[in-house]
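Peer 1: Structure incoming, see below.
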Amino acid sequence: MEFSELIRTGRAQAELLRGPGAPPLRGTLCVTGHHLLLSPGPQATSDLWLLLLRSVDSIEKRVAGDSGTITLRCKDLRVLQLDIEGVEATLDIARSIEALSSLESVITSFPFFYRPKGLRLGDAWHFHPPEHHYKRVARETNAWRLSEVNEDFSVCPSYPRAVIVPRAVDDDALARSARFRQGGRFPVLSYHHAPSGTVLLRSSQPLTGPQKRRCAEDEELLRAVLAGARPGARGFIVDTRSAQAAKQARMTGGGTEAKAAYPGWKRLHRPMERGRPLQESFVRLVEACGDLEQSMDRWLSRLEGCRWLAHVKEALSTACLAAQGMEREGACILVHGAEGTDSTLLVTSLAQLILDPLSRTMTGFQELVEREWIQAGHPFQLRCAHSAFSHARPKHEAPTFLLFLDCVWQLGRQFPLSLEFGEGLLLALFEHAYASPFGTFLCNSEKERCLCEVRTRTHSLWSGLNQPKEQRKLRNPLYVLNPLAIWPSVEPQSLRLWQGLFLRWTRPPEPSEAAWEKVWQIVTDKEKTEGSQPTVSASEPQP
Amino acid sequence: MEHIRTTKVEQVKLLDRFSTSNKALTGTLYLTATHLLFIDSHQKETWILHHHIASVEKLALTTSGCPLVIQCKNFRIVHFIVPRERDCHDIYNSLLQLSKQAKYEDLYAFSYNPKQNDSERLRGWQLIDLAEEYKRMGVPNSNWQLSDANREYKICETYPRELYVPRIASKPIIVGSSKFRSKGRFPVLSYYHREKEAAVCRCSQPLSGFSARCLEDEHLLQAISKANPVNRYMYVMDTRPKLNAMANRAAGKGYENEDNYSNIRFQFVGIENIHVMRSSLQKLLEVNGTKGLSVNDFYSGLESSGWLRHIKAVMDAAIFLTKVLIEKDWISFGHKFSERCGHLDSDPKEVSPVFTQFLECVWHLTEQFPQAFEFNEAFLLQIHEHIYSCQFGNFLGNCQKEREELKLKEKTYSLWPFLLDDQKKYLNPLYSPKSQAVAVLEPNTVSFNFKFWRNMYHQFDRTLHPRQSVFSIIMNMNEQNKQLENDIKDLESKIKQHKNKQTDGVLTKELLHSVRPESPTLKTSLCFKEQTLLPVNDALRTIEGSNPADNRYSEYAEEFSKSEPAVVSLEYGVARMTC
């Protein structure tokens with residue numbers, strides 16, 4: 001396909017307004033296949049301004065006299081205004097942006113053309129493979145093995161090639177268990193908690209259906225899990241739906257594990273919001289954050305009405321429950337909802353962050369995102385197709401990943417020294433999940449990524465982020481390794497709106513940024529003086 | 001003391017209102033003349049000053065004992081369970097008596113003795129001098145002068161002796177004006193902005209009723225207007241909602257009639273009166289005390305209490321006021337508070353939410369401008385604590401006159417030197433005087449900048465707070481940086497001395513060079529790693545109380561095990577603390 005067909009007009013004179021704090025830019029506006037460019041006149045001092053078309057969420061055009069105005073609302077919640085000379089030019093540019101920002105095809109998307117300096121293709125793609133995770137598990141226990149039963153993605157299309165399963169269960173049994181689970185997502189290991197010798201598993205719902213079907217291999221698999229853990233371990237199945245919703249799912253072929261069929265396992269229901277209501281909650285919150293004139297009461301009632309913080313509390317407390325079961329009760333935990341690709345991943349990844357000090361490091365967290373979200377089959381392409389501004393009816397969109405990032409931010413606020421990364425990394429992940437020049441968040445599963453050859457033809461976000469020049473933005477200067485579990489408070493008084501994200505473009509950033517700069521300076525000073533301390537003592541002349 | 005019947009009760013349980021119900025601390029309760037003291041089995045002490053107690057409540061007898069709930073003015077709420085009802089009753093009665101002292105002489109400040117001699121005490125009181133303060137603002141000057149009209153508190157009892165008024169305002173005008181103002185509080189200078197030559201004055205409402213006017217008062221306002229030659233207009237801000245002001249006219253009070261005052265503009269800013277504020281705060285606290293509060297209830301409670309709305313109103317008003325009120329050095333240690341404290345104008349119980357509100361507004365400013373204030377949150381909390389503690393003389397009495405009559409300066413101690421002694425604790429490590437060269441903060445009062453101040457209203461609910469403090473860590477680092485730098489200087493000078501002694505200078509030259517922090521080879525040497533001065537463990541120690549049993553999410557699990565009794569029950573709540 002040729003992009004040139006979609007570009008109605010090459011260029012126009014325009015002025016760009018970037019919201020509070022940033023000065024307006026004047027120059028020549030230009031639409032290319034993937035970008036909107038504004039190049040200021042030759043005498044101007046500022047650089048070229050560039051916007052990835054993919055990050056445009058909604059576009060609004062207005063014409064008056066012989067000029068027009070385009071308002072672009074971006075997926076990262078930024079609002080831009082373009083004042084363009086010429087009515088025809090305005091309409092043409094608007095139409096081009098509309099067409100180009102909503103292209104469906106993956107292989108013509110920008111990551112397949114992006115070739116930054118200093119990075120090599122294929123770097124960091126093997127940064128976090130399942131084998132790497134397995135090595136760590138194998139060091140701690142030998143009850144588990146790496147299975148390649150899904151080598152060609154035929155057993156489960158949304159799992160990666162290799163998954164970690166109980167050593168006692170063979171590949172045939174796995175395949176049969178997969179047939180008993182929605183989308184073939186049979187129970188696999190998510191995290192092994194060495195201090196208590198227990199495990200965290202995830203799967204999708206069992207297909208019990210109205211006849212209450214059973215599957216011997218599936219039951220065997222969960223029995224093997226308990227047998228492989230510390231002796232006498234019990235198991236808990238955390239179902240992210242209400243008991244009633246789980247029961248209703250039987251009518252459509254789904255359901256829950258029957259009590260009698262899985263001895264030693266007990267079911268807990270923790271209803272969590274997902275899909276459409278979650279997306280609506282996100283949209284309403286962003287709407288409320290865009291209104292600068294509202295009264296205090298209106299703001300508080302909208303904050304309450306959108307229920308976003310209630311979702312944060314729900315997600316955190318479910319994750320805490322799972323983590324608590326492992327750490328305190330010495331129990332094995334299996335998490336699933338219906339499909340096992342959304343709230344399930346939210347719970348398992350947060351529980352790891354709470355329990356595992358390694359996942360709170362810079363690389364550990366990137367590994368966690370790669371393993372528990374990208375490779376575990378969270379459908380990023382579907383969920384992040386639109387952000388909060390789109391007028392299109394939401395189909396599969398849901399800000400599950402954003403909810404995860406928000407929960408991580410809350411953890412970081414309550415334990416400001418325990419995470420090696422800072423708010424900057426979370427903001428970057430949010431941006432890149434919705435629109436990115438890197439290939440990491442493309443497609444819905446490993447299978448699709450293989451088909452599109454994402455790994456060989458695009459750059460990995462991780463290699464982009466791990467460049468030395470990015471570090472200061474992403475790291476937490478105050479990090480100290482904390483070997484303990486971090487139990488957050490989930491009282492409403494302790495949870496706060498993530499202003500750095502939701503109000504990022506509406507409030508002036510200077511004071512708080514300057515404060516962080518100062519923190520960095522103090523830390524660097526400390527390192528400097530500390531670094532010289534031993535040398536002073538070492539070089540002190542001996543009497 | 002005659003009120004105390006029982007001084008010691010053993011086997012008392014202390015419940016934490018935010019953690020799971022079956023985890024309680026057991027210890028001994030002591031009652032002294034000034035404090036209620038609880039020492040738990042870990043030897044941790046909880047001190048409660050009698051003056052802090054806002055209410056004591058005895059709940060219905062339970063199987064484990066008699067519950068006693070004490071609410072404090074600093075928002076601490078403690079819930080004891082006393083095994084014997086008799087003891088509980090004795091303590092209850094004693095506390096009721098002790099917490100409500102009728103006479104000033106019974107207050108703690110008059111018996112508190114921090115072992116200072118008289119000159120130290122005097123210096124403490126002189127630490128903040130209002131005349132000095134006005135001098136800093138550039139007053140007196142050609143337009144403003146010190147008036148001795150109130151020398152004997154004849155004109156206005158609630159004003160201090162020294163007052164600054166326009167130079168052209170004569171004594172008869174002042175006296176005349178004061179008769180026209182409620183409680184004689186005629187317009188006086190409160191703050192003078194030197195660069196802009198703008199003044200902020202304050203006064204009480206005029207006794208205008210429906211038609212009365214007062215020529216002297218009009219003259220005085222004219223004089224004030226003339227004392228600000230730069231501005232053509234003068235603004236009179238009425239902090240009440242217009243409706244309240246109109247209602248007051250029926251009682252012979254009211255507001256200035258615009259027709260009688262030229263070049264003056266009137267503005268109502270709609271800050272509610274103290275009674276509305278008090279009930280608003282009351283509501284807020286009720287909502288927050290609820291156990292198992294949901295996010296939605298929290299926000300609807302926050303909304304219906306209207307507390308943040310009032311805070312926003314106050315801030316909006318302050319911004320309108322001059323947009324220049326809050327100047328850099330105005331905020332530096334202690335100054336601002338002296339101003340306010342010196343003029344607290346009504347009974348502490350009455351004024352309470354207003355002062356709390358003032359502190360909260362300052363806190364919101366510190367949140368928006370993390371580098372602009374020299375002090376930190378702990379400082380604000382500490383001041384709030386002492387407004388009610390009656391431990392120091394600063395906040396006693398209703399006005400300067402009363403304070404002199406009480407001989408506070410001879411009989412009690414001033415709070416400021418104590419805060420200054422502990423200065424390190426209250427310093428903001430991020431404070432940078434340079435970054436605020438503009439001097440004037442322009443706070444953003446869009447609604448979403450106002451947050452619930454958890455550290456104030458839940459100061460004592462340990463489990464609700466972040467488990468690690470950025471502030472203390474940065475403060476430590478700053479401290480250590482300074483110390484290390486000094487060490488380096490020290491050692492450098494030592495080496496210099498050695499160099500002078502030694503005839504062969506080559507070796508030491510090398511050494512001197514190696515002292516430089518940039519020296520890359522030595523920087524990486526690990527041999528001295530063991531000796532690092534940094535208490536790295538501090539960071540770990542600050543994770544106190546990070547325990548799942550502290551948090552509410554465990555209760556859900558209990559509910560589940562209850563609803564399905566066939567299965568082994570989960571006893572999350574009793575999990576022991578191990579970290």
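Lettering and numbering for the structure tokens are positional, with chains as A, B, ... in the shown order, residues counted from 1 in each chain, and ligands counted from 1 in the shown order.
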Apply DSSP to the backbone of this structure and, from segment 159-376 of chain A, keep only the residues in strand (DSSP E or B); write these as a PDB file with N, CA, C and O atoms, in the first residue's frame.
Peer 2:
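Wrote part25.pdb, looks like this:
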```pdb
ATOM      1  N   VAL A 163       6.774 -22.693  28.110  1.00  0.00           N
ATOM      2  CA  VAL A 163       6.149 -22.319  29.379  1.00  0.00           C
ATOM      3  C   VAL A 163       6.681 -23.238  30.482  1.00  0.00           C
ATOM      4  O   VAL A 163       7.207 -24.317  30.203  1.00  0.00           O
ATOM      5  N   ILE A 164       6.522 -22.798  31.728  1.00  0.00           N
ATOM      6  CA  ILE A 164       7.039 -23.576  32.855  1.00  0.00           C
ATOM      7  C   ILE A 164       5.890 -24.324  33.512  1.00  0.00           C
ATOM      8  O   ILE A 164       4.870 -23.723  33.877  1.00  0.00           O
ATOM      9  N   VAL A 165       6.029 -25.637  33.655  1.00  0.00           N
ATOM     10  CA  VAL A 165       4.945 -26.488  34.161  1.00  0.00           C
ATOM     11  C   VAL A 165       5.515 -27.477  35.185  1.00  0.00           C
ATOM     12  O   VAL A 165       6.731 -27.657  35.271  1.00  0.00           O
ATOM     13  N   PRO A 166       4.638 -28.132  35.970  1.00  0.00           N
ATOM     14  CA  PRO A 166       5.133 -29.122  36.941  1.00  0.00           C
ATOM     15  C   PRO A 166       5.902 -30.236  36.222  1.00  0.00           C
ATOM     16  O   PRO A 166       5.486 -30.697  35.158  1.00  0.00           O
ATOM     17  N   ARG A 181      -9.438 -25.636  28.847  1.00  0.00           N
ATOM     18  CA  ARG A 181      -9.361 -24.241  29.303  1.00  0.00           C
ATOM     19  C   ARG A 181      -9.644 -23.306  28.131  1.00  0.00           C
ATOM     20  O   ARG A 181      -9.227 -23.575  27.003  1.00  0.00           O
ATOM     21  N   VAL A 188      -0.044 -22.378  34.127  1.00  0.00           N
ATOM     22  CA  VAL A 188       1.409 -22.377  34.009  1.00  0.00           C
ATOM     23  C   VAL A 188       1.994 -21.565  35.161  1.00  0.00           C
ATOM     24  O   VAL A 188       1.290 -20.778  35.794  1.00  0.00           O
ATOM     25  N   LEU A 189       3.288 -21.742  35.377  1.00  0.00           N
ATOM     26  CA  LEU A 189       3.934 -21.038  36.476  1.00  0.00           C
ATOM     27  C   LEU A 189       4.135 -19.560  36.119  1.00  0.00           C
ATOM     28  O   LEU A 189       4.572 -19.227  35.035  1.00  0.00           O
ATOM     29  N   SER A 190       3.806 -18.708  37.068  1.00  0.00           N
ATOM     30  CA  SER A 190       4.060 -17.295  36.856  1.00  0.00           C
ATOM     31  C   SER A 190       5.230 -16.845  37.727  1.00  0.00           C
ATOM     32  O   SER A 190       6.077 -16.083  37.304  1.00  0.00           O
ATOM     33  N   TYR A 191       5.260 -17.361  38.958  1.00  0.00           N
ATOM     34  CA  TYR A 191       6.322 -16.926  39.870  1.00  0.00           C
ATOM     35  C   TYR A 191       6.524 -17.964  40.959  1.00  0.00           C
ATOM     36  O   TYR A 191       5.554 -18.481  41.513  1.00  0.00           O
ATOM     37  N   HIS A 192       7.773 -18.273  41.238  1.00  0.00           N
ATOM     38  CA  HIS A 192       8.100 -19.186  42.335  1.00  0.00           C
ATOM     39  C   HIS A 192       8.654 -18.360  43.481  1.00  0.00           C
ATOM     40  O   HIS A 192       9.663 -17.657  43.325  1.00  0.00           O
ATOM     41  N   HIS A 193       7.967 -18.431  44.636  1.00  0.00           N
ATOM     42  CA  HIS A 193       8.390 -17.628  45.774  1.00  0.00           C
ATOM     43  C   HIS A 193       9.273 -18.494  46.673  1.00  0.00           C
ATOM     44  O   HIS A 193       8.788 -19.263  47.490  1.00  0.00           O
ATOM     45  N   THR A 198       6.424 -21.593  47.699  1.00  0.00           N
ATOM     46  CA  THR A 198       5.115 -21.682  47.055  1.00  0.00           C
ATOM     47  C   THR A 198       5.161 -21.037  45.682  1.00  0.00           C
ATOM     48  O   THR A 198       6.123 -20.372  45.329  1.00  0.00           O
ATOM     49  N   VAL A 199       4.072 -21.260  44.920  1.00  0.00           N
ATOM     50  CA  VAL A 199       4.076 -20.771  43.547  1.00  0.00           C
ATOM     51  C   VAL A 199       2.811 -19.977  43.240  1.00  0.00           C
ATOM     52  O   VAL A 199       1.782 -20.117  43.887  1.00  0.00           O
ATOM     53  N   LEU A 200       2.955 -19.142  42.208  1.00  0.00           N
ATOM     54  CA  LEU A 200       1.836 -18.377  41.685  1.00  0.00           C
ATOM     55  C   LEU A 200       1.602 -18.870  40.261  1.00  0.00           C
ATOM     56  O   LEU A 200       2.532 -18.914  39.458  1.00  0.00           O
ATOM     57  N   LEU A 201       0.377 -19.297  39.963  1.00  0.00           N
ATOM     58  CA  LEU A 201       0.048 -19.817  38.637  1.00  0.00           C
ATOM     59  C   LEU A 201      -1.013 -18.942  37.996  1.00  0.00           C
ATOM     60  O   LEU A 201      -1.748 -18.250  38.684  1.00  0.00           O
ATOM     61  N   ARG A 202      -1.083 -19.035  36.676  1.00  0.00           N
ATOM     62  CA  ARG A 202      -2.216 -18.370  36.019  1.00  0.00           C
ATOM     63  C   ARG A 202      -2.752 -19.246  34.893  1.00  0.00           C
ATOM     64  O   ARG A 202      -2.037 -20.085  34.349  1.00  0.00           O
ATOM     65  N   PRO A 206     -11.878 -22.794  33.373  1.00  0.00           N
ATOM     66  CA  PRO A 206     -12.097 -24.143  32.844  1.00  0.00           C
ATOM     67  C   PRO A 206     -13.419 -24.187  32.085  1.00  0.00           C
ATOM     68  O   PRO A 206     -14.357 -23.470  32.422  1.00  0.00           O
ATOM     69  N   GLY A 235      -3.921 -24.970  48.356  1.00  0.00           N
ATOM     70  CA  GLY A 235      -3.993 -24.107  47.186  1.00  0.00           C
ATOM     71  C   GLY A 235      -5.209 -23.211  47.236  1.00  0.00           C
ATOM     72  O   GLY A 235      -6.231 -23.573  47.828  1.00  0.00           O
ATOM     73  N   PHE A 236      -5.082 -22.023  46.683  1.00  0.00           N
ATOM     74  CA  PHE A 236      -6.226 -21.134  46.545  1.00  0.00           C
ATOM     75  C   PHE A 236      -6.378 -20.734  45.089  1.00  0.00           C
ATOM     76  O   PHE A 236      -5.391 -20.411  44.424  1.00  0.00           O
ATOM     77  N   ILE A 237      -7.615 -20.813  44.612  1.00  0.00           N
ATOM     78  CA  ILE A 237      -7.889 -20.327  43.270  1.00  0.00           C
ATOM     79  C   ILE A 237      -8.522 -18.958  43.407  1.00  0.00           C
ATOM     80  O   ILE A 237      -9.612 -18.824  43.953  1.00  0.00           O
ATOM     81  N   VAL A 238      -7.805 -17.918  42.986  1.00  0.00           N
ATOM     82  CA  VAL A 238      -8.375 -16.569  43.044  1.00  0.00           C
ATOM     83  C   VAL A 238      -9.076 -16.305  41.726  1.00  0.00           C
ATOM     84  O   VAL A 238      -8.445 -16.178  40.682  1.00  0.00           O
ATOM     85  N   ASP A 239     -10.401 -16.283  41.788  1.00  0.00           N
ATOM     86  CA  ASP A 239     -11.193 -16.016  40.590  1.00  0.00           C
ATOM     87  C   ASP A 239     -11.496 -14.531  40.567  1.00  0.00           C
ATOM     88  O   ASP A 239     -12.036 -13.994  41.532  1.00  0.00           O
ATOM     89  N   TRP A 265      -7.657 -27.539  46.992  1.00  0.00           N
ATOM     90  CA  TRP A 265      -7.779 -26.196  46.420  1.00  0.00           C
ATOM     91  C   TRP A 265      -9.081 -25.573  46.903  1.00  0.00           C
ATOM     92  O   TRP A 265     -10.111 -26.225  46.942  1.00  0.00           O
ATOM     93  N   LYS A 266      -9.016 -24.316  47.262  1.00  0.00           N
ATOM     94  CA  LYS A 266     -10.203 -23.585  47.695  1.00  0.00           C
ATOM     95  C   LYS A 266     -10.346 -22.355  46.811  1.00  0.00           C
ATOM     96  O   LYS A 266      -9.360 -21.729  46.455  1.00  0.00           O
ATOM     97  N   ARG A 267     -11.599 -22.066  46.476  1.00  0.00           N
ATOM     98  CA  ARG A 267     -11.828 -20.961  45.554  1.00  0.00           C
ATOM     99  C   ARG A 267     -12.155 -19.667  46.306  1.00  0.00           C
ATOM    100  O   ARG A 267     -12.914 -19.690  47.268  1.00  0.00           O
ATOM    101  N   LEU A 268     -11.587 -18.544  45.882  1.00  0.00           N
ATOM    102  CA  LEU A 268     -11.940 -17.225  46.421  1.00  0.00           C
ATOM    103  C   LEU A 268     -12.370 -16.341  45.263  1.00  0.00           C
ATOM    104  O   LEU A 268     -11.714 -16.332  44.230  1.00  0.00           O
ATOM    105  N   HIS A 269     -13.463 -15.653  45.437  1.00  0.00           N
ATOM    106  CA  HIS A 269     -13.905 -14.752  44.366  1.00  0.00           C
ATOM    107  C   HIS A 269     -13.606 -13.313  44.728  1.00  0.00           C
ATOM    108  O   HIS A 269     -13.990 -12.841  45.794  1.00  0.00           O
ATOM    109  N   CYS A 332      -0.284 -22.289  47.574  1.00  0.00           N
ATOM    110  CA  CYS A 332      -0.093 -22.042  46.153  1.00  0.00           C
ATOM    111  C   CYS A 332      -1.319 -21.284  45.648  1.00  0.00           C
ATOM    112  O   CYS A 332      -2.433 -21.535  46.095  1.00  0.00           O
ATOM    113  N   ILE A 333      -1.104 -20.379  44.720  1.00  0.00           N
ATOM    114  CA  ILE A 333      -2.201 -19.552  44.251  1.00  0.00           C
ATOM    115  C   ILE A 333      -2.345 -19.713  42.737  1.00  0.00           C
ATOM    116  O   ILE A 333      -1.362 -19.601  42.005  1.00  0.00           O
ATOM    117  N   LEU A 334      -3.567 -19.982  42.303  1.00  0.00           N
ATOM    118  CA  LEU A 334      -3.860 -19.966  40.867  1.00  0.00           C
ATOM    119  C   LEU A 334      -4.818 -18.806  40.620  1.00  0.00           C
ATOM    120  O   LEU A 334      -5.839 -18.682  41.288  1.00  0.00           O
ATOM    121  N   VAL A 335      -4.453 -17.939  39.688  1.00  0.00           N
ATOM    122  CA  VAL A 335      -5.312 -16.789  39.395  1.00  0.00           C
ATOM    123  C   VAL A 335      -5.923 -16.978  38.017  1.00  0.00           C
ATOM    124  O   VAL A 335      -5.233 -17.328  37.065  1.00  0.00           O
ATOM    125  N   HIS A 336      -7.210 -16.793  37.907  1.00  0.00           N
ATOM    126  CA  HIS A 336      -7.819 -16.685  36.577  1.00  0.00           C
ATOM    127  C   HIS A 336      -9.147 -15.969  36.664  1.00  0.00           C
ATOM    128  O   HIS A 336      -9.767 -15.877  37.716  1.00  0.00           O
TER     129      HIS A 336
END
```
Peer 1: Of the residues B:Ser300, B:Asn248, B:Asn428, B:Asn376, which is the one nearest to chain A, using only C-alpha atoms?
Peer 2: B:Ser300
Peer 1: Using backbone DSSP assignments, extract all helix (DSSP H, G or I) residues from segment 321-507 of chain A; output them as a VMD selection string.
Peer 2: chain A and resid 321 to 327 343 to 355 357 to 360 362 to 374 380 to 383 400 to 414 423 to 434 446 to 451 454 to 457 461 to 465 468 to 474 499 to 502
Peer 1: Quick one: distance from atom CA of Glu85 of chain A to atom CA of Gly19 of chain A in Å, one decimal?
Peer 2: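 Atom-to-atom, atom CA of Glu85 of chain A to atom CA of Gly19 of chain A, that is 20.0 Å.
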Peer 1: Fewer than 4 positions away in the same chain doesn't count, so skip those; otherwise give me all residues within 8 Å of segment 101-113 of chain A, counting only C-alpha atoms, as a PyMOL selection string.
Peer 2: chain A and resi 34+53-57+97+436-439+442-443+452+454+457-459
Peer 1: Would you kindly return, as a list in words, each protein, DNA or RNA residue with an atom no farther than 10 Å from any atom of Leu346 of chain A, considering only C-alpha atoms and excluding same-chain residues fewer than 3 positions away?
Peer 2: Ala315, Leu316, Thr318, Ala319, Val335, Gly340, Thr341, Asp342, Ser343, Ser349, Leu350, Ala351, Glu372, Trp373, His378, Thr400, Phe401, Leu402, Leu403, Phe404, Leu405 and Cys407 of chain A
Peer 1: Output N, CA and C atoms of each residue in that selection to a file, as an mmCIF file, in the first residue's frame.
Peer 2:
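Generated file (out-v4.cif):
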```cif
data_model
loop_
_atom_site.group_PDB
_atom_site.id
_atom_site.type_symbol
_atom_site.label_atom_id
_atom_site.label_comp_id
_atom_site.auth_asym_id
_atom_site.auth_seq_id
_atom_site.Cartn_x
_atom_site.Cartn_y
_atom_site.Cartn_z
ATOM 1 N N ALA A 315 -7.665 -3.716 42.500
ATOM 2 C CA ALA A 315 -6.544 -4.447 41.910
ATOM 3 C C ALA A 315 -5.450 -4.676 42.954
ATOM 4 N N LEU A 316 -5.117 -3.631 43.689
ATOM 5 C CA LEU A 316 -4.044 -3.763 44.677
ATOM 6 C C LEU A 316 -4.430 -4.749 45.772
ATOM 7 N N THR A 318 -6.559 -7.236 45.668
ATOM 8 C CA THR A 318 -6.572 -8.620 45.190
ATOM 9 C C THR A 318 -5.149 -9.164 45.081
ATOM 10 N N ALA A 319 -4.264 -8.331 44.560
ATOM 11 C CA ALA A 319 -2.866 -8.763 44.446
ATOM 12 C C ALA A 319 -2.274 -9.021 45.831
ATOM 13 N N VAL A 335 -4.453 -17.939 39.688
ATOM 14 C CA VAL A 335 -5.312 -16.789 39.395
ATOM 15 C C VAL A 335 -5.923 -16.978 38.017
ATOM 16 N N GLY A 340 -8.310 -14.882 31.058
ATOM 17 C CA GLY A 340 -6.976 -14.987 31.661
ATOM 18 C C GLY A 340 -5.933 -14.124 30.998
ATOM 19 N N THR A 341 -6.359 -13.083 30.270
ATOM 20 C CA THR A 341 -5.366 -12.232 29.617
ATOM 21 C C THR A 341 -5.403 -10.798 30.129
ATOM 22 N N ASP A 342 -6.307 -10.491 31.059
ATOM 23 C CA ASP A 342 -6.389 -9.106 31.536
ATOM 24 C C ASP A 342 -6.194 -9.000 33.047
ATOM 25 N N SER A 343 -7.324 -9.096 33.780
ATOM 26 C CA SER A 343 -7.213 -8.895 35.226
ATOM 27 C C SER A 343 -6.322 -9.971 35.850
ATOM 28 N N SER A 349 1.112 -10.013 38.166
ATOM 29 C CA SER A 349 2.295 -9.147 38.088
ATOM 30 C C SER A 349 2.428 -8.275 39.333
ATOM 31 N N LEU A 350 1.298 -7.775 39.852
ATOM 32 C CA LEU A 350 1.385 -6.942 41.061
ATOM 33 C C LEU A 350 1.831 -7.770 42.267
ATOM 34 N N ALA A 351 1.332 -9.000 42.353
ATOM 35 C CA ALA A 351 1.720 -9.853 43.479
ATOM 36 C C ALA A 351 3.224 -10.077 43.475
ATOM 37 N N GLU A 372 5.076 -11.126 31.977
ATOM 38 C CA GLU A 372 3.708 -11.235 32.463
ATOM 39 C C GLU A 372 2.691 -10.487 31.614
ATOM 40 N N TRP A 373 3.140 -9.625 30.737
ATOM 41 C CA TRP A 373 2.169 -8.904 29.910
ATOM 42 C C TRP A 373 2.341 -9.219 28.435
ATOM 43 N N HIS A 378 -1.214 -10.567 26.727
ATOM 44 C CA HIS A 378 -2.170 -9.470 26.872
ATOM 45 C C HIS A 378 -2.343 -8.837 25.490
ATOM 46 N N THR A 400 -6.325 -1.834 30.922
ATOM 47 C CA THR A 400 -5.843 -2.742 31.964
ATOM 48 C C THR A 400 -4.375 -2.490 32.293
ATOM 49 N N PHE A 401 -3.580 -2.298 31.229
ATOM 50 C CA PHE A 401 -2.151 -2.099 31.441
ATOM 51 C C PHE A 401 -1.896 -0.781 32.181
ATOM 52 N N LEU A 402 -2.674 0.240 31.839
ATOM 53 C CA LEU A 402 -2.545 1.519 32.536
ATOM 54 C C LEU A 402 -2.895 1.362 34.014
ATOM 55 N N LEU A 403 -3.920 0.568 34.270
ATOM 56 C CA LEU A 403 -4.303 0.322 35.665
ATOM 57 C C LEU A 403 -3.140 -0.332 36.413
ATOM 58 N N PHE A 404 -2.466 -1.253 35.741
ATOM 59 C CA PHE A 404 -1.281 -1.882 36.331
ATOM 60 C C PHE A 404 -0.224 -0.822 36.651
ATOM 61 N N LEU A 405 0.053 0.045 35.676
ATOM 62 C CA LEU A 405 1.076 1.075 35.891
ATOM 63 C C LEU A 405 0.683 1.991 37.043
ATOM 64 N N CYS A 407 -1.159 1.198 39.638
ATOM 65 C CA CYS A 407 -0.934 0.465 40.888
ATOM 66 C C CYS A 407 0.548 0.465 41.253
#
```
Peer 1: Could you tell me how far atom CA of Leu25 of chain A lies from atom CA of Gln471 of chain A, in Å and to one decimal?
Peer 2: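 We find that atom CA of Leu25 of chain A and atom CA of Gln471 of chain A lie 28.9 Å from each other.
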Peer 1: From the list B:Glu360, B:Glu303, B:Glu367, B:Glu479, which residue is nearest chain A when using only C-alpha atoms?
Peer 2: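 Once distances to chain A are computed over only C-alpha atoms, the minimum belongs to B:Glu303.
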